[in-house]
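Peer 1: Just dropping this structure here.
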Amino acid sequence: MKIAVVGKGGAGKTTTAAVLARTLARTGQPVVALDCDTNPNLGLSLGVGMDATEALLSLRDGVGDGVEHARSWDDIVARFGVDAPGRRPPRHGLQDRGPRFRLPVMRGLPEQLLGLDIAEDTTVVADFEAGIGTLTRLGETKVDAVVVVTDPTVKSLEVASRAARLAEEHTAGPIVIVANRVLDEADRDTVERTLSGRTVLVIPEDDAIPAADRADTAPLDASPDSPAVRALTGLAPLLAGS
Amino acid sequence: MVVAIANKALDSGDAEQLARFSGLRVVGLVPRDPALAAAERAGVPLLDLSPASPAVEAVGSLLGALTKEAP
Ligand SMILES: Nc1ncnc2c1ncn2[C@@H]1O[C@H](COP(=O)(O)OP(=O)(O)OP(=O)(O)O)[C@@H](O)[C@H]1O
Ligand SMILES: [Mg+2]
């Protein structure tokens with residue numbers, strides 16, 4: 001299953017993609033979080049840390065070649081992936097036993113990568129570059145779901161409206177709107193009015209998100225019970241249920 | 001000349017972090033400003049909605065800071 005996360009710059013795509021990828025990985029299925037941004041930082045929100053994210057960045061020039069010469073998606077994931085934390089941290093000092101979920105983060109040409117044959121049981125969460133450029137370049141490549149992230153500002157909603165319409169050409173699956181950084185009822189109404197008829201998941205404005213970013217930790221680890229993280233964990237069931 | 005401006009800053013710690021990460025001199029700090037959230041929601045320029053807001057004032061004083069920095 002391929003899930004594209006799209007939206008205007010700064011809307012909250014990376015935060016959303018990271019919480020979604022890790023929520024899905026908790027179920028035990030193989031998950032690949034794919035950073036499609038030329039300025040990759042999905043690793044930070046996943047909890048991979050600054051150093052590993054930087055290391056991936058330096059591999060980036062090799063990725064173009066990798067796509068050309070790699071035999072398969074698995075090959076690329078093995079060569080350019082990094083394992084992210086996949087489960088709740090161990091509690092009460094108990095050893096965290098059992099298999100680790102592989103949750104590689106990679107960077108590459110998204111149109112190319114998403115066009116490769118990917119095993120049926122693998123879920124790819126692709127954090128797209130801001131705007132609608134990558135969506136337009138997908139060509140014939142289809143995805144199985146599109147998450148459109150927007151905040152309640154006029155500019156962000158405008159991009160979200162266009163992205164949602166464009167998404168219909170690239171998926172037969174669910175298109176879910178994530179209304180991020182909602183302050184009040186008025187914000188919620190604005191999003192629901194602008195994108196009426198669509199499935200909307202509301203995520204509140206929450207200082208825990210920038211605080212986690214500042215500390216170079218995954219919001220899911222730093223503040224699992226904060227309002228925004230709790231709300232974002234509702235995205236995976238919504239995608240599965242639609 | 002390449003210098004940095006810390007936007008959406010909560011405090012001077014943010015400016016310090018930016019300086020550390022970028023290796024650049026931080027010549028200005030624009031605070032996180034609720035007035036901007038309101039302007040963005042209304043779809044109007046901040047300068048028209050709240051000409052005296054902290055963010056507008058901070059951006060206004062950038063010109064002076066940049067002129068001082070210029071070789
Ligand atoms: N619900 C929220 N409450 C408060 N701040 C948030 C929330 N969601 C995201 N942010 C903040 O907004 C900023 C942008 O978030 P994020 O990086 O997820 O967006 P993005 O869409 O991936 O941005 P880009 O287009 O640069 O890739 C970050 O500083 C983050 O801390
Ligand atoms: Mg991002």
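By order of appearance in the structure tokens: chains A, B, ..., then residues from 1 within every chain, and ligands from 1 in the order shown.
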Taking the chain letters and numbering used in this document, name the residues of region 76-197 of chain A that DSSP puts in helix (DSSP H, G or I), as a VMD selection string.

Peer 2: chain A and resid 76 to 80 110 to 115 133 to 137 154 to 167 185 to 194

Peer 1: How about saving the chosen residues, C-alpha atoms kept, as a short mmCIF file (atom, residue, chain, number, x, y, z; two decimals), in the first residue's frame?

Peer 2:
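Saved to result-v7.cif:
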```cif
data_model
loop_
_atom_site.label_atom_id
_atom_site.label_comp_id
_atom_site.auth_asym_id
_atom_site.auth_seq_id
_atom_site.Cartn_x
_atom_site.Cartn_y
_atom_site.Cartn_z
CA ILE A 76 16.99 0.24 -2.56
CA VAL A 77 15.45 0.00 0.90
CA ALA A 78 18.35 -2.17 2.05
CA ARG A 79 20.95 0.17 0.62
CA PHE A 80 19.44 3.52 1.50
CA PRO A 110 9.62 9.96 -5.52
CA GLU A 111 8.01 9.49 -8.93
CA GLN A 112 10.54 6.78 -9.76
CA LEU A 113 10.53 5.08 -6.39
CA LEU A 114 6.76 4.91 -6.08
CA GLY A 115 6.57 3.42 -9.56
CA GLY A 133 4.68 19.35 -7.97
CA THR A 134 5.31 15.72 -7.09
CA LEU A 135 1.62 14.87 -7.49
CA THR A 136 1.62 16.32 -10.99
CA ARG A 137 4.80 14.40 -11.87
CA VAL A 154 -6.27 30.81 3.29
CA LYS A 155 -3.06 29.92 1.42
CA SER A 156 -2.76 26.44 2.86
CA LEU A 157 -6.42 25.66 2.18
CA GLU A 158 -6.05 26.80 -1.39
CA VAL A 159 -3.21 24.34 -1.98
CA ALA A 160 -5.16 21.62 -0.16
CA SER A 161 -8.22 22.11 -2.39
CA ARG A 162 -6.15 21.73 -5.52
CA ALA A 163 -4.19 18.81 -4.10
CA ALA A 164 -7.39 16.99 -3.16
CA ARG A 165 -8.81 17.39 -6.67
CA LEU A 166 -5.53 16.30 -8.24
CA ALA A 167 -5.33 13.33 -5.87
CA GLU A 185 -14.42 25.99 16.22
CA ALA A 186 -13.99 28.78 13.68
CA ASP A 187 -10.86 27.08 12.32
CA ARG A 188 -12.62 23.76 12.10
CA ASP A 189 -15.56 25.35 10.28
CA THR A 190 -13.26 27.09 7.82
CA VAL A 191 -11.59 23.81 6.83
CA GLU A 192 -14.83 21.85 6.65
CA ARG A 193 -16.49 24.56 4.57
CA THR A 194 -13.58 24.90 2.14
#
```

Peer 1: Ligand 2: which residues are within 12 Å, counting only C-alpha atoms and all ligand atoms, as a PyMOL selection string?

Peer 2: chain A and resi 5-18+34-46+126-131+149+213

Peer 1: Determine, for each residue of chain B having at least one atom at most 6 Å from an atom of chain A, the closest pair of atoms and their separation in Å to one decimal, counting only C-alpha atoms; order by chain and ascending number, as CSV.

Peer 2:
```
residue,atom,partner,partner_atom,distance
B:Glu40,CA,A:Thr153,CA,5.2
B:Arg41,CA,A:Thr153,CA,4.3
B:Gly43,CA,A:Val154,CA,5.4
```

Peer 1: Any chance you can output those residues with all heavy atoms as a CSV table (one decimal), in the first residue's frame?

Peer 2:
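Written file, selection.csv:
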```csv
chain,number,residue,atom,x,y,z
B,40,GLU,N,-3.2,35.4,8.6
B,40,GLU,CA,-3.2,34.3,7.7
B,40,GLU,C,-4.6,33.7,7.5
B,40,GLU,O,-4.9,33.2,6.5
B,40,GLU,CB,-2.2,33.3,8.1
B,40,GLU,CG,-0.8,33.7,8.0
B,40,GLU,CD,-0.3,33.4,6.6
B,40,GLU,OE1,0.2,32.3,6.3
B,40,GLU,OE2,-0.3,34.4,5.8
B,41,ARG,N,-5.3,33.6,8.6
B,41,ARG,CA,-6.7,33.0,8.6
B,41,ARG,C,-7.6,33.9,7.8
B,41,ARG,O,-8.5,33.5,7.1
B,41,ARG,CB,-7.2,32.8,10.0
B,41,ARG,CG,-6.6,31.4,10.5
B,41,ARG,CD,-6.7,31.4,12.0
B,41,ARG,NE,-6.4,30.1,12.6
B,41,ARG,CZ,-5.2,29.5,12.6
B,41,ARG,NH1,-4.1,30.3,12.2
B,41,ARG,NH2,-5.0,28.3,13.2
B,43,GLY,N,-6.6,36.0,5.5
B,43,GLY,CA,-6.1,36.1,4.1
B,43,GLY,C,-5.8,37.6,3.8
B,43,GLY,O,-5.9,38.0,2.7
```

Peer 1: Write out as a Markdown table the residues of chain B that have any atom within 12 Å of an atom of ligand 1, one row each with the nearest atom pair and its distance in Å to one decimal, counting only C-alpha atoms and all ligand atoms, sorted by chain and then rising number.

Peer 2:
```
| residue | atom | partner | partner_atom_place_in_ligand_line | distance |
| --- | --- | --- | --- | --- |
| B:Asn7 | CA | ligand 1 | 29 (O) | 10.6 |
| B:Lys8 | CA | ligand 1 | 29 (O) | 8.8 |
| B:Ala9 | CA | ligand 1 | 29 (O) | 10.5 |
| B:Leu10 | CA | ligand 1 | 29 (O) | 11.6 |
| B:Asp14 | CA | ligand 1 | 29 (O) | 12.0 |
| B:Arg32 | CA | ligand 1 | 29 (O) | 11.2 |
| B:Ala37 | CA | ligand 1 | 4 (C) | 11.8 |
```

Peer 1: Extract, using only C-alpha atoms, all DNA, RNA and protein residues at most 9 Å from region 173-178 of chain A, discarding same-chain residues fewer than 4 positions from it, and format them as an MDAnalysis selection string.

Peer 2: chainID A and resid 12 16 143:151 160 164 167:168 195 198:203 232 235 238:240 242

Peer 1: Near Val3 (chain B), within 10 Å and counting only C-alpha atoms, which residues show up once chain neighbours fewer than 6 positions away are dropped, as a ChimeraX atom specification?

Peer 2: /B:19,22-28,66,69-70

Peer 1: As an exercise, work out the distance from CA of Glu16 (chain B) to CA of Val59 (chain B) in Å and give it to one decimal place.

Peer 2: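 Pair CA of Glu16 (chain B) / CA of Val59 (chain B) returns 18.5 Å.
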
Peer 1: How many Å separate CA of Thr23 (chain A) from CA of Asp121 (chain A)?

Peer 2: 15.7 Å

Peer 1: For the atom pair CA of Ala33 (chain A) and CA of Glu205 (chain A), what is the interatomic distance in Å to one decimal place?

Peer 2: 24.1 Å

Peer 1: Please list as a list of chain:residue names every residue within 8 Å of Ala58 (chain B), counting only C-alpha atoms and excluding residues in the same chain fewer than 5 positions away.

Peer 2: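 My list of contacting residues is B:Gly28, B:Leu29, B:Val30, B:Pro31.
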
Peer 1: Using DSSP on the backbone coordinates, identify the residues of chain B assigned to strand (DSSP E); present them as a count of residues only.

Peer 2: 12

Peer 1: Can you list, as a short mmCIF file (atom, residue, chain, number, x, y, z; two decimals) with N, CA and C atoms, in the first residue's frame, every protein, DNA or RNA residue that comes within 8 Å of region 49-53 of chain B when you count only C-alpha atoms, leaving out same-chain residues fewer than 4 positions away?

Peer 2:
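In the end it all went to selection35.cif:
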```cif
data_model
loop_
_atom_site.label_atom_id
_atom_site.label_comp_id
_atom_site.auth_asym_id
_atom_site.auth_seq_id
_atom_site.Cartn_x
_atom_site.Cartn_y
_atom_site.Cartn_z
N ASP B 33 4.02 35.20 16.60
CA ASP B 33 3.09 36.31 16.83
C ASP B 33 1.66 35.87 16.49
N ALA B 35 -0.85 37.55 16.08
CA ALA B 35 -1.46 38.44 15.09
C ALA B 35 -1.27 37.89 13.68
N ALA B 39 -4.02 37.06 10.76
CA ALA B 39 -3.94 37.62 9.40
C ALA B 39 -3.96 36.52 8.35
N VAL B 44 -5.35 38.34 4.80
CA VAL B 44 -4.96 39.73 4.56
C VAL B 44 -3.53 39.95 5.05
N PRO B 45 -2.83 40.94 4.47
CA PRO B 45 -1.46 41.19 4.92
C PRO B 45 -1.41 41.59 6.40
N GLU B 57 6.98 44.83 13.77
CA GLU B 57 8.06 45.68 14.31
C GLU B 57 9.42 45.03 14.13
#
```
